[in-house]
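Reproduced below: upload.cif, with mmCIF, C-alpha atoms and all ligand atoms.
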data_coords
#
loop_
_atom_site.group_PDB
_atom_site.id
_atom_site.type_symbol
_atom_site.label_atom_id
_atom_site.label_comp_id
_atom_site.auth_asym_id
_atom_site.auth_seq_id
_atom_site.Cartn_x
_atom_site.Cartn_y
_atom_site.Cartn_z
ATOM 1 C CA MET A 72 66.145 84.934 -48.279
ATOM 2 C CA LYS A 73 69.348 83.601 -46.657
ATOM 3 C CA VAL A 74 70.802 85.936 -44.039
ATOM 4 C CA ILE A 75 73.807 85.571 -41.734
ATOM 5 C CA ILE A 76 73.694 87.613 -38.517
ATOM 6 C CA THR A 77 76.694 88.138 -36.237
ATOM 7 C CA GLY A 78 76.145 88.745 -32.542
ATOM 8 C CA ALA A 79 72.864 86.862 -32.740
ATOM 9 C CA SER A 80 73.053 85.278 -29.275
ATOM 10 C CA ALA A 81 71.647 88.332 -27.455
ATOM 11 C CA GLY A 82 70.196 91.818 -27.694
ATOM 12 C CA ILE A 83 69.775 93.433 -31.100
ATOM 13 C CA GLY A 84 71.143 90.449 -33.049
ATOM 14 C CA ALA A 85 68.650 88.062 -31.437
ATOM 15 C CA GLY A 86 65.869 90.606 -32.070
ATOM 16 C CA ILE A 87 66.795 90.887 -35.753
ATOM 17 C CA ALA A 88 66.926 87.074 -35.992
ATOM 18 C CA ARG A 89 63.443 86.724 -34.451
ATOM 19 C CA VAL A 90 61.935 89.177 -36.954
ATOM 20 C CA LEU A 91 63.618 87.568 -39.978
ATOM 21 C CA ALA A 92 62.767 84.040 -38.806
ATOM 22 C CA GLY A 93 59.136 85.179 -38.545
ATOM 23 C CA GLU A 94 59.338 86.146 -42.234
ATOM 24 C CA GLY A 95 60.421 82.608 -43.144
ATOM 25 C CA PHE A 96 64.050 83.530 -43.869
ATOM 26 C CA SER A 97 66.860 80.975 -43.588
ATOM 27 C CA LEU A 98 69.324 82.205 -40.994
ATOM 28 C CA GLY A 99 72.969 81.607 -40.118
ATOM 29 C CA LEU A 100 73.642 82.797 -36.584
ATOM 30 C CA LEU A 101 77.132 83.576 -35.271
ATOM 31 C CA ALA A 102 78.462 84.510 -31.822
ATOM 32 C CA ARG A 103 80.731 82.964 -29.183
ATOM 33 C CA SER A 104 77.843 81.457 -27.172
ATOM 34 C CA GLY A 105 77.025 78.374 -29.223
ATOM 35 C CA ASP A 106 74.450 77.124 -26.699
ATOM 36 C CA LYS A 107 72.359 80.303 -26.991
ATOM 37 C CA LEU A 108 72.530 80.179 -30.800
ATOM 38 C CA ARG A 109 71.437 76.535 -30.865
ATOM 39 C CA ALA A 110 68.502 77.357 -28.572
ATOM 40 C CA LEU A 111 67.423 80.136 -30.959
ATOM 41 C CA CYS A 112 67.686 77.825 -33.981
ATOM 42 C CA GLU A 113 65.539 75.235 -32.164
ATOM 43 C CA GLU A 114 62.975 77.940 -31.332
ATOM 44 C CA PHE A 115 62.830 79.038 -35.000
ATOM 45 C CA ASP A 116 62.611 75.426 -36.245
ATOM 46 C CA ARG A 117 59.675 74.745 -33.866
ATOM 47 C CA ASN A 118 57.832 77.863 -35.049
ATOM 48 C CA GLN A 119 58.001 77.292 -38.789
ATOM 49 C CA PRO A 120 55.030 75.369 -40.087
ATOM 50 C CA ASP A 121 56.424 74.305 -43.493
ATOM 51 C CA GLY A 122 59.938 73.322 -42.365
ATOM 52 C CA TYR A 123 61.353 75.025 -45.451
ATOM 53 C CA ALA A 124 63.762 77.508 -43.839
ATOM 54 C CA VAL A 125 67.202 76.391 -42.607
ATOM 55 C CA HIS A 126 68.497 77.721 -39.280
ATOM 56 C CA ALA A 127 72.179 77.099 -38.595
ATOM 57 C CA SER A 128 74.644 78.394 -36.040
ATOM 58 C CA ALA A 129 78.397 78.784 -35.706
ATOM 59 C CA ALA A 130 80.157 79.488 -32.421
ATOM 60 C CA CYS A 131 83.055 81.783 -33.237
ATOM 61 C CA ASP A 132 85.119 84.603 -31.777
ATOM 62 C CA LEU A 133 85.169 87.310 -34.449
ATOM 63 C CA ARG A 134 88.525 88.566 -33.193
ATOM 64 C CA ASP A 135 90.093 85.468 -34.753
ATOM 65 C CA PRO A 136 90.363 86.051 -38.538
ATOM 66 C CA GLN A 137 90.875 82.401 -39.491
ATOM 67 C CA ALA A 138 88.067 81.128 -37.241
ATOM 68 C CA THR A 139 85.769 83.817 -38.643
ATOM 69 C CA GLU A 140 86.470 82.858 -42.238
ATOM 70 C CA THR A 141 85.903 79.172 -41.435
ATOM 71 C CA ALA A 142 82.640 79.907 -39.578
ATOM 72 C CA LEU A 143 81.260 82.138 -42.342
ATOM 73 C CA HIS A 144 82.086 79.575 -45.014
ATOM 74 C CA ALA A 145 80.446 76.821 -42.941
ATOM 75 C CA LEU A 146 77.269 78.904 -42.610
ATOM 76 C CA ILE A 147 77.206 79.685 -46.346
ATOM 77 C CA ASP A 148 77.525 75.931 -46.995
ATOM 78 C CA ARG A 149 74.727 75.088 -44.539
ATOM 79 C CA LEU A 150 72.392 77.707 -46.024
ATOM 80 C CA ASP A 151 73.503 76.797 -49.545
ATOM 81 C CA GLY A 152 74.285 80.437 -50.274
ATOM 82 C CA VAL A 153 73.994 83.866 -48.716
ATOM 83 C CA ASP A 154 71.895 86.889 -49.689
ATOM 84 C CA ALA A 155 72.846 89.173 -46.815
ATOM 85 C CA LEU A 156 75.267 89.522 -43.925
ATOM 86 C CA ILE A 157 74.238 91.619 -40.939
ATOM 87 C CA ASN A 158 77.415 92.621 -39.086
ATOM 88 C CA ASN A 159 75.868 93.348 -35.713
ATOM 89 C CA ALA A 160 78.279 91.864 -33.118
ATOM 90 C CA GLY A 161 79.893 94.461 -30.928
ATOM 91 C CA VAL A 162 80.969 95.336 -27.423
ATOM 92 C CA VAL A 163 80.579 98.565 -25.507
ATOM 93 C CA ILE A 164 82.989 99.805 -22.843
ATOM 94 C CA ARG A 165 82.256 103.261 -21.469
ATOM 95 C CA LYS A 166 85.256 104.764 -19.726
ATOM 96 C CA ASP A 167 87.216 107.980 -20.004
ATOM 97 C CA VAL A 168 90.344 107.543 -22.117
ATOM 98 C CA TRP A 169 92.682 107.784 -19.138
ATOM 99 C CA GLU A 170 90.876 104.875 -17.474
ATOM 100 C CA LEU A 171 90.666 102.566 -20.495
ATOM 101 C CA THR A 172 93.221 99.751 -20.427
ATOM 102 C CA LEU A 173 95.138 98.635 -23.504
ATOM 103 C CA ASP A 174 93.281 95.320 -23.385
ATOM 104 C CA GLU A 175 89.923 97.141 -23.376
ATOM 105 C CA TRP A 176 91.014 99.289 -26.351
ATOM 106 C CA ARG A 177 92.065 96.150 -28.248
ATOM 107 C CA THR A 178 88.809 94.365 -27.368
ATOM 108 C CA LEU A 179 86.769 97.258 -28.776
ATOM 109 C CA VAL A 180 88.807 97.621 -31.967
ATOM 110 C CA GLU A 181 89.250 93.884 -32.603
ATOM 111 C CA THR A 182 85.544 93.098 -32.066
ATOM 112 C CA ASN A 183 83.718 96.132 -33.433
ATOM 113 C CA LEU A 184 86.000 96.870 -36.373
ATOM 114 C CA CYS A 185 88.379 93.978 -37.167
ATOM 115 C CA GLY A 186 85.694 91.309 -36.640
ATOM 116 C CA LEU A 187 83.306 93.154 -38.950
ATOM 117 C CA PHE A 188 86.047 93.363 -41.582
ATOM 118 C CA TYR A 189 86.915 89.638 -41.279
ATOM 119 C CA ALA A 190 83.261 88.629 -41.667
ATOM 120 C CA THR A 191 82.725 90.978 -44.628
ATOM 121 C CA ARG A 192 85.865 89.672 -46.323
ATOM 122 C CA ALA A 193 84.646 86.091 -45.908
ATOM 123 C CA VAL A 194 81.326 86.633 -47.734
ATOM 124 C CA LEU A 195 82.419 89.041 -50.470
ATOM 125 C CA PRO A 196 83.831 86.436 -52.907
ATOM 126 C CA THR A 197 80.453 84.613 -52.911
ATOM 127 C CA MET A 198 78.489 87.854 -53.281
ATOM 128 C CA ARG A 199 80.757 89.125 -56.068
ATOM 129 C CA GLU A 200 80.496 85.844 -57.929
ATOM 130 C CA GLN A 201 76.692 85.789 -57.726
ATOM 131 C CA ARG A 202 76.603 89.559 -58.419
ATOM 132 C CA ARG A 203 74.110 90.020 -55.618
ATOM 133 C CA GLY A 204 74.220 90.513 -51.880
ATOM 134 C CA HIS A 205 73.606 92.938 -49.045
ATOM 135 C CA LEU A 206 75.905 93.973 -46.200
ATOM 136 C CA ILE A 207 74.215 95.674 -43.251
ATOM 137 C CA ASN A 208 76.762 97.002 -40.769
ATOM 138 C CA VAL A 209 75.647 98.083 -37.314
ATOM 139 C CA SER A 210 77.351 101.291 -36.228
ATOM 140 C CA SER A 211 75.717 103.455 -33.552
ATOM 141 C CA ILE A 212 74.464 106.959 -33.035
ATOM 142 C CA SER A 213 77.913 107.213 -31.399
ATOM 143 C CA GLY A 214 79.276 106.715 -34.910
ATOM 144 C CA ARG A 215 77.698 110.054 -35.864
ATOM 145 C CA MET A 216 78.168 112.212 -32.792
ATOM 146 C CA PRO A 217 80.609 112.338 -29.881
ATOM 147 C CA LEU A 218 80.168 110.075 -26.851
ATOM 148 C CA PRO A 219 81.940 111.633 -23.877
ATOM 149 C CA GLY A 220 83.138 108.814 -21.645
ATOM 150 C CA GLY A 221 83.105 106.439 -24.591
ATOM 151 C CA SER A 222 85.703 107.798 -27.032
ATOM 152 C CA ALA A 223 87.133 104.395 -27.923
ATOM 153 C CA TYR A 224 83.685 102.894 -28.564
ATOM 154 C CA ALA A 225 82.737 105.943 -30.654
ATOM 155 C CA ALA A 226 85.998 105.630 -32.628
ATOM 156 C CA THR A 227 85.106 102.072 -33.635
ATOM 157 C CA LYS A 228 81.592 103.110 -34.636
ATOM 158 C CA TYR A 229 82.778 106.099 -36.716
ATOM 159 C CA ALA A 230 85.153 103.613 -38.366
ATOM 160 C CA VAL A 231 82.277 101.229 -39.154
ATOM 161 C CA ALA A 232 80.432 104.109 -40.849
ATOM 162 C CA GLY A 233 83.465 105.164 -42.897
ATOM 163 C CA PHE A 234 84.203 101.573 -43.845
ATOM 164 C CA THR A 235 80.630 100.845 -44.926
ATOM 165 C CA GLU A 236 80.094 104.009 -46.933
ATOM 166 C CA SER A 237 83.402 103.481 -48.777
ATOM 167 C CA LEU A 238 82.645 99.781 -49.253
ATOM 168 C CA PHE A 239 79.324 100.696 -50.874
ATOM 169 C CA GLN A 240 81.227 102.567 -53.586
ATOM 170 C CA GLU A 241 83.457 99.509 -54.130
ATOM 171 C CA VAL A 242 80.725 96.879 -54.366
ATOM 172 C CA ARG A 243 77.697 98.624 -55.896
ATOM 173 C CA ASP A 244 78.812 97.830 -59.457
ATOM 174 C CA PHE A 245 78.784 94.140 -58.498
ATOM 175 C CA GLY A 246 75.099 94.395 -57.546
ATOM 176 C CA ILE A 247 75.964 94.324 -53.839
ATOM 177 C CA LYS A 248 74.229 96.678 -51.414
ATOM 178 C CA ALA A 249 75.834 98.133 -48.283
ATOM 179 C CA THR A 250 73.868 99.768 -45.505
ATOM 180 C CA VAL A 251 75.180 101.406 -42.352
ATOM 181 C CA LEU A 252 72.725 101.281 -39.467
ATOM 182 C CA PHE A 253 72.952 103.895 -36.712
ATOM 183 C CA PRO A 254 70.835 102.816 -33.729
ATOM 184 C CA GLY A 255 70.148 105.239 -30.919
ATOM 185 C CA SER A 256 69.300 103.788 -27.511
ATOM 186 C CA VAL A 257 68.191 100.170 -27.830
ATOM 187 C CA ASP A 258 67.092 98.115 -24.852
ATOM 188 C CA SER A 259 69.692 95.358 -24.636
ATOM 189 C CA ALA A 260 71.201 94.090 -21.371
ATOM 190 C CA SER A 261 74.740 95.270 -22.187
ATOM 191 C CA HIS A 262 73.523 98.841 -22.752
ATOM 192 C CA ARG A 263 71.634 99.068 -19.443
ATOM 193 C CA HIS A 264 74.444 101.131 -17.977
ATOM 194 C CA ASP A 265 72.229 101.841 -14.947
ATOM 195 C CA PRO A 266 70.346 98.536 -14.504
ATOM 196 C CA ALA A 267 67.907 100.095 -11.992
ATOM 197 C CA ALA A 268 66.772 102.844 -14.413
ATOM 198 C CA ASP A 269 63.649 102.795 -16.612
ATOM 199 C CA HIS A 270 64.545 101.403 -20.057
ATOM 200 C CA SER A 271 61.004 101.077 -21.426
ATOM 201 C CA TRP A 272 61.382 104.220 -23.614
ATOM 202 C CA LYS A 273 64.195 102.712 -25.693
ATOM 203 C CA VAL A 274 63.945 101.105 -29.145
ATOM 204 C CA LYS A 275 63.281 97.354 -28.834
ATOM 205 C CA PRO A 276 65.720 94.931 -30.501
ATOM 206 C CA GLU A 277 62.861 93.592 -32.668
ATOM 207 C CA GLU A 278 62.181 97.145 -33.910
ATOM 208 C CA VAL A 279 65.761 97.257 -35.214
ATOM 209 C CA GLY A 280 64.921 93.933 -36.877
ATOM 210 C CA LEU A 281 61.963 95.562 -38.642
ATOM 211 C CA ALA A 282 64.272 98.318 -39.955
ATOM 212 C CA CYS A 283 66.637 95.640 -41.300
ATOM 213 C CA LEU A 284 63.694 93.883 -42.943
ATOM 214 C CA ASP A 285 62.719 97.138 -44.705
ATOM 215 C CA ALA A 286 66.286 97.577 -45.969
ATOM 216 C CA LEU A 287 66.472 93.965 -47.169
ATOM 217 C CA ASN A 288 63.167 94.321 -49.000
ATOM 218 C CA THR A 289 64.042 97.373 -51.124
ATOM 219 C CA ALA A 290 63.831 96.920 -54.896
ATOM 220 C CA PRO A 291 66.796 95.073 -56.451
ATOM 221 C CA GLY A 292 68.164 98.161 -58.188
ATOM 222 C CA THR A 293 68.131 100.408 -55.121
ATOM 223 C CA CYS A 294 69.900 100.488 -51.770
ATOM 224 C CA ILE A 295 69.015 102.226 -48.526
ATOM 225 C CA SER A 296 72.596 103.095 -47.655
ATOM 226 C CA ARG A 297 72.038 104.755 -44.243
ATOM 227 C CA ILE A 298 69.468 104.089 -41.533
ATOM 228 C CA GLU A 299 69.248 106.016 -38.276
ATOM 229 C CA ILE A 300 66.737 104.544 -35.830
ATOM 230 C CA ARG A 301 65.974 106.494 -32.654
ATOM 231 C CA PRO A 302 63.407 106.260 -29.856
ATOM 232 C CA LEU A 303 60.663 108.862 -30.103
ATOM 233 C CA GLY A 304 61.026 109.941 -26.482
ATOM 234 C CA ARG A 305 64.321 110.849 -24.857
ATOM 235 C CA GLY A 306 63.688 108.816 -21.748
ATOM 236 C CA PRO A 307 63.698 109.882 -18.136
ATOM 237 C CA GLY A 308 66.163 112.734 -17.533
HETATM 238 N N1 LIG B 401 71.983 98.636 -27.423
HETATM 239 C C1 LIG B 401 72.192 99.843 -27.884
HETATM 240 O O1 LIG B 401 71.690 100.844 -27.330
HETATM 241 C C2 LIG B 401 73.045 100.044 -29.111
HETATM 242 C C3 LIG B 401 73.037 101.317 -29.702
HETATM 243 C C4 LIG B 401 73.792 101.532 -30.831
HETATM 244 C C5 LIG B 401 74.532 100.504 -31.388
HETATM 245 N N2 LIG B 401 74.539 99.266 -30.791
HETATM 246 C C6 LIG B 401 75.337 98.230 -31.433
HETATM 247 O O2 LIG B 401 74.494 97.144 -31.733
HETATM 248 C C7 LIG B 401 75.242 95.937 -31.723
HETATM 249 C C8 LIG B 401 74.564 94.939 -30.796
HETATM 250 O O3 LIG B 401 74.508 95.511 -29.513
HETATM 251 P P1 LIG B 401 73.624 94.911 -28.342
HETATM 252 O O4 LIG B 401 73.188 96.084 -27.542
HETATM 253 O O5 LIG B 401 72.636 93.973 -28.864
HETATM 254 O O6 LIG B 401 74.748 94.150 -27.498
HETATM 255 P P2 LIG B 401 74.697 92.723 -26.746
HETATM 256 O O7 LIG B 401 73.337 92.457 -26.227
HETATM 257 O O8 LIG B 401 75.839 92.764 -25.780
HETATM 258 O O9 LIG B 401 75.013 91.689 -27.888
HETATM 259 C C9 LIG B 401 76.286 91.675 -28.479
HETATM 260 C C10 LIG B 401 76.385 90.460 -29.371
HETATM 261 O O10 LIG B 401 77.704 90.438 -29.946
HETATM 262 C C11 LIG B 401 78.292 89.152 -29.707
HETATM 263 N N3 LIG B 401 79.737 89.289 -29.563
HETATM 264 C C12 LIG B 401 80.428 90.099 -28.737
HETATM 265 N N4 LIG B 401 81.747 89.904 -28.880
HETATM 266 C C13 LIG B 401 81.900 88.941 -29.823
HETATM 267 C C14 LIG B 401 83.020 88.287 -30.394
HETATM 268 N N5 LIG B 401 84.280 88.585 -30.029
HETATM 269 N N6 LIG B 401 82.811 87.332 -31.330
HETATM 270 C C15 LIG B 401 81.548 87.014 -31.720
HETATM 271 N N7 LIG B 401 80.453 87.597 -31.213
HETATM 272 C C16 LIG B 401 80.624 88.543 -30.265
HETATM 273 C C17 LIG B 401 77.636 88.684 -28.400
HETATM 274 O O11 LIG B 401 77.626 87.274 -28.325
HETATM 275 P P3 LIG B 401 78.612 86.353 -27.473
HETATM 276 O O12 LIG B 401 78.863 87.068 -26.178
HETATM 277 O O13 LIG B 401 77.848 85.087 -27.360
HETATM 278 O O14 LIG B 401 79.839 86.235 -28.326
HETATM 279 C C18 LIG B 401 76.208 89.176 -28.601
HETATM 280 O O15 LIG B 401 75.492 88.256 -29.385
HETATM 281 C C19 LIG B 401 76.643 96.319 -31.281
HETATM 282 O O16 LIG B 401 77.458 96.471 -32.417
HETATM 283 C C20 LIG B 401 76.438 97.634 -30.585
HETATM 284 O O17 LIG B 401 77.590 98.434 -30.598
HETATM 285 C C21 LIG B 401 73.813 99.025 -29.674
#
Using structure tokens, write down the structure that the file contains.
Amino acid sequence: MKVIITGASAGIGAGIARVLAGEGFSLGLLARSGDKLRALCEEFDRNQPDGYAVHASAACDLRDPQATETALHALIDRLDGVDALINNAGVVIRKDVWELTLDEWRTLVETNLCGLFYATRAVLPTMREQRRGHLINVSSISGRMPLPGGSAYAATKYAVAGFTESLFQEVRDFGIKATVLFPGSVDSASHRHDPAADHSWKVKPEEVGLACLDALNTAPGTCISRIEIRPLGRGPG
């Protein structure tokens, strides 16, 4: 399978990439940090015994619509097609509304929502033409319930859910699946809001990868349209 993952340079995206690379998938990795993506591709190339899978990267800022379209098309060319796009890239800024700057608001909306739209728009013509594809969009548990002190972040994640569930109705007749993924607390560096706290109870990025693998592996005529993945314990306090 050929899968493009945004936000693959760190955290959940890198965890998803590691799981899918372990399954022998060809991967197109996208983020701004080209050096980290190249290092991951080299790691995956070293670990594959048959050398069959292709691992490619594109350094790109998803807030730039033209750059995003160019990067997605380059990855589709390198992989010689695309079966799935995992829209995972995102930023979190946790501040009360009266403390959030206009730049921070724009960063959240342009990355978490606009970037996801630009990437989706870039792959849809290919998926419609081949009448097959899968879009997995990473929202958050904060896209299902309020996040006091994070209203702007939650707004983008509610938007991702609304976008994905509506998109599913638009694309299903073309044989394209759309899944919205709602992670609870996942142990990535950017979500260690108190770095000194215990984070061992959280979902691991690779465990989100396993959930994506399950969704990708469902029978061709069915789609898991919503996934909520939560840690079993609630953590300290
Ligand atoms: N961790 C959690 O507890 C949690 C819970 C629910 C939902 N989520 C969601 O899961 C996704 C991944 O989160 P994470 O915790 O793994 O965060 P992370 O470790 O900070 O990773 C974010 C990824 O997004 C990329 N990115 C950020 N801005 C970008 C931009 N403008 N253009 C291209 N790539 C960009 C980053 O790469 P570069 O910096 O190299 O560009 C990085 O690869 C996000 O959508 C987040 O909202 C996380």
Using 6 Å as the limit and counting all atoms listed in the file, can you tabulate each residue of chain A that touches ligand LIG 401 (chain B), with its shortest atom-to-atom distance in Å and the two atoms involved, as a Markdown table?
| residue | atom | partner | partner_atom | distance |
| --- | --- | --- | --- | --- |
| A:Gly78 | CA | B:LIG401 | O15 | 3.3 |
| A:Ala79 | CA | B:LIG401 | O15 | 4.5 |
| A:Ser80 | CA | B:LIG401 | O15 | 3.9 |
| A:Ala81 | CA | B:LIG401 | O15 | 4.3 |
| A:Gly82 | CA | B:LIG401 | O5 | 3.5 |
| A:Ile83 | CA | B:LIG401 | O5 | 3.7 |
| A:Gly84 | CA | B:LIG401 | O5 | 5.7 |
| A:Ala102 | CA | B:LIG401 | N7 | 3.7 |
| A:Arg103 | CA | B:LIG401 | O14 | 3.5 |
| A:Ser104 | CA | B:LIG401 | O13 | 3.6 |
| A:Cys131 | CA | B:LIG401 | C15 | 5.7 |
| A:Asp132 | CA | B:LIG401 | N6 | 3.6 |
| A:Leu133 | CA | B:LIG401 | N6 | 3.9 |
| A:Arg134 | CA | B:LIG401 | N5 | 5.3 |
| A:Asn159 | CA | B:LIG401 | C7 | 4.8 |
| A:Ala160 | CA | B:LIG401 | O10 | 3.5 |
| A:Gly161 | CA | B:LIG401 | O16 | 3.5 |
| A:Val162 | CA | B:LIG401 | C12 | 5.4 |
| A:Val163 | CA | B:LIG401 | O17 | 5.9 |
| A:Thr182 | CA | B:LIG401 | N5 | 5.1 |
| A:Val209 | CA | B:LIG401 | O16 | 5.5 |
| A:Ser210 | CA | B:LIG401 | C5 | 5.7 |
| A:Ser211 | CA | B:LIG401 | C5 | 3.8 |
| A:Ile212 | CA | B:LIG401 | C4 | 5.9 |
| A:Pro254 | CA | B:LIG401 | C4 | 4.3 |
| A:Gly255 | CA | B:LIG401 | C3 | 5.0 |
| A:Ser256 | CA | B:LIG401 | O1 | 3.8 |
| A:Val257 | CA | B:LIG401 | O1 | 3.6 |
| A:Asp258 | CA | B:LIG401 | N1 | 5.6 |
| A:Ser259 | CA | B:LIG401 | O4 | 4.6 |
| A:Ala260 | CA | B:LIG401 | O7 | 5.6 |
| A:Ser261 | CA | B:LIG401 | O8 | 4.5 |
| A:His262 | CA | B:LIG401 | N1 | 4.9 |
Checklist entry - For the file shown, what are the residues hit by the PyMOL selection byres (((chain A and resi 223) around 10) and not hetatm), laid out as a PyMOL selection string? => result chain A and resi 163-168+171+175-177+179-180+218-222+224-229
Next on the checklist: I need the residue nearest Asn288 in chain A from this list: A:Leu303, A:Val125, A:Met72, A:Ala268. Use all atoms listed in the file for the distance.
Outcome noted: A:Met72
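In terms of minimum interatomic distance to Val153 in chain A, A:Leu206 ranks closest within A:Thr141, A:Ala130, A:Arg117, A:Leu206, counting only C-alpha atoms.
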Can you list every residue of range 79-171 of chain A that has an atom at most 12 Å from range 233-247 of chain A, with its nearest atom pair and the distance in Å to one decimal, using all atoms listed in the file, ordered by chain then number, as a tab-separated table?
residue	atom	partner	partner_atom	distance
A:Val153	CA	A:Ile247	CA	11.8
A:Asp154	CA	A:Ile247	CA	9.4
A:Ala155	CA	A:Ile247	CA	9.3
A:Leu156	CA	A:Ile247	CA	11.0
A:Ile157	CA	A:Thr235	CA	11.9
A:Asn158	CA	A:Thr235	CA	10.6
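Considering all atoms listed in the file, the residue among A:Ile295, A:Met198, A:Leu284, A:Ala92 positioned nearest to Ala249 in chain A is A:Ile295.
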Item to check | Distance query 12 Å from (64.2, 114.0, -26.6) using all atoms listed in the file, result as a PyMOL selection string | outcome: chain A and resi 255-256+272-273+301-308
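Our summary of the geometry notes that CA of Arg199 in chain A is positioned 29.2 Å from CA of Gly105 in chain A.
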Next on the checklist: Please enumerate the residues selected by the PyMOL selection byres (((chain A and resi 193) around 8) and not hetatm) when evaluated against the supplied file, formatted as number ranges by chain.
Outcome noted: A: 139-140, 143-144, 189-192, 194-196
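Picture a line from CA of Val231 in chain A to CA of Asp106 in chain A; it runs 28.2 Å.
Picked by the PyMOL selection byres (((chain A and resi 97) around 8) and not hetatm) from the coordinates shown: Met72, Lys73, Val74, Ala92, Gly95, Phe96, Leu98, Gly99, Ala124, Val125, His126 and Leu150 of chain A.
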Checklist outcome for this item: Here CA of Cys294 in chain A and CA of Asp148 in chain A stand apart by 26.2 Å
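Minimum distance to Leu100 in chain A across A:Ala127, A:Gly86, A:Ala290, A:Pro276 (counting only C-alpha atoms) occurs at A:Ala127.
Counting only C-alpha atoms, the residue from A:Glu170, A:Ala286, A:Pro266, A:Ile75 that sits nearest to Ala145 in chain A is A:Ile75.
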Restore N, CA, C and O atoms in range 188-200 of chain A and list the result as a PDB file, keeping the file's coordinate frame.
ATOM      1  N   PHE A 188      85.265  93.458 -40.334  1.00  0.00           N
ATOM      2  CA  PHE A 188      86.047  93.363 -41.582  1.00  0.00           C
ATOM      3  C   PHE A 188      86.277  91.897 -41.963  1.00  0.00           C
ATOM      4  O   PHE A 188      86.092  91.514 -43.124  1.00  0.00           O
ATOM      5  N   TYR A 189      86.654  91.059 -40.976  1.00  0.00           N
ATOM      6  CA  TYR A 189      86.915  89.638 -41.279  1.00  0.00           C
ATOM      7  C   TYR A 189      85.653  88.962 -41.843  1.00  0.00           C
ATOM      8  O   TYR A 189      85.721  88.181 -42.788  1.00  0.00           O
ATOM      9  N   ALA A 190      84.512  89.266 -41.218  1.00  0.00           N
ATOM     10  CA  ALA A 190      83.261  88.629 -41.667  1.00  0.00           C
ATOM     11  C   ALA A 190      82.887  89.107 -43.069  1.00  0.00           C
ATOM     12  O   ALA A 190      82.489  88.315 -43.933  1.00  0.00           O
ATOM     13  N   THR A 191      83.040  90.408 -43.306  1.00  0.00           N
ATOM     14  CA  THR A 191      82.725  90.978 -44.628  1.00  0.00           C
ATOM     15  C   THR A 191      83.600  90.333 -45.698  1.00  0.00           C
ATOM     16  O   THR A 191      83.125  89.934 -46.775  1.00  0.00           O
ATOM     17  N   ARG A 192      84.886  90.234 -45.378  1.00  0.00           N
ATOM     18  CA  ARG A 192      85.865  89.672 -46.323  1.00  0.00           C
ATOM     19  C   ARG A 192      85.534  88.217 -46.661  1.00  0.00           C
ATOM     20  O   ARG A 192      85.792  87.766 -47.776  1.00  0.00           O
ATOM     21  N   ALA A 193      84.948  87.512 -45.687  1.00  0.00           N
ATOM     22  CA  ALA A 193      84.646  86.091 -45.908  1.00  0.00           C
ATOM     23  C   ALA A 193      83.456  85.883 -46.849  1.00  0.00           C
ATOM     24  O   ALA A 193      83.385  84.858 -47.525  1.00  0.00           O
ATOM     25  N   VAL A 194      82.515  86.835 -46.878  1.00  0.00           N
ATOM     26  CA  VAL A 194      81.326  86.633 -47.734  1.00  0.00           C
ATOM     27  C   VAL A 194      81.456  87.303 -49.098  1.00  0.00           C
ATOM     28  O   VAL A 194      80.729  86.959 -50.032  1.00  0.00           O
ATOM     29  N   LEU A 195      82.369  88.259 -49.225  1.00  0.00           N
ATOM     30  CA  LEU A 195      82.419  89.041 -50.470  1.00  0.00           C
ATOM     31  C   LEU A 195      82.700  88.216 -51.729  1.00  0.00           C
ATOM     32  O   LEU A 195      82.081  88.469 -52.770  1.00  0.00           O
ATOM     33  N   PRO A 196      83.606  87.217 -51.676  1.00  0.00           N
ATOM     34  CA  PRO A 196      83.831  86.436 -52.907  1.00  0.00           C
ATOM     35  C   PRO A 196      82.537  85.794 -53.420  1.00  0.00           C
ATOM     36  O   PRO A 196      82.246  85.834 -54.625  1.00  0.00           O
ATOM     37  N   THR A 197      81.734  85.221 -52.507  1.00  0.00           N
ATOM     38  CA  THR A 197      80.453  84.613 -52.911  1.00  0.00           C
ATOM     39  C   THR A 197      79.524  85.670 -53.490  1.00  0.00           C
ATOM     40  O   THR A 197      78.900  85.482 -54.545  1.00  0.00           O
ATOM     41  N   MET A 198      79.413  86.808 -52.806  1.00  0.00           N
ATOM     42  CA  MET A 198      78.489  87.854 -53.281  1.00  0.00           C
ATOM     43  C   MET A 198      78.945  88.425 -54.616  1.00  0.00           C
ATOM     44  O   MET A 198      78.129  88.707 -55.500  1.00  0.00           O
ATOM     45  N   ARG A 199      80.264  88.599 -54.783  1.00  0.00           N
ATOM     46  CA  ARG A 199      80.757  89.125 -56.068  1.00  0.00           C
ATOM     47  C   ARG A 199      80.489  88.138 -57.191  1.00  0.00           C
ATOM     48  O   ARG A 199      80.085  88.527 -58.283  1.00  0.00           O
ATOM     49  N   GLU A 200      80.700  86.860 -56.891  1.00  0.00           N
ATOM     50  CA  GLU A 200      80.496  85.844 -57.929  1.00  0.00           C
ATOM     51  C   GLU A 200      79.024  85.792 -58.357  1.00  0.00           C
ATOM     52  O   GLU A 200      78.719  85.694 -59.545  1.00  0.00           O
TER      53      GLU A 200
END
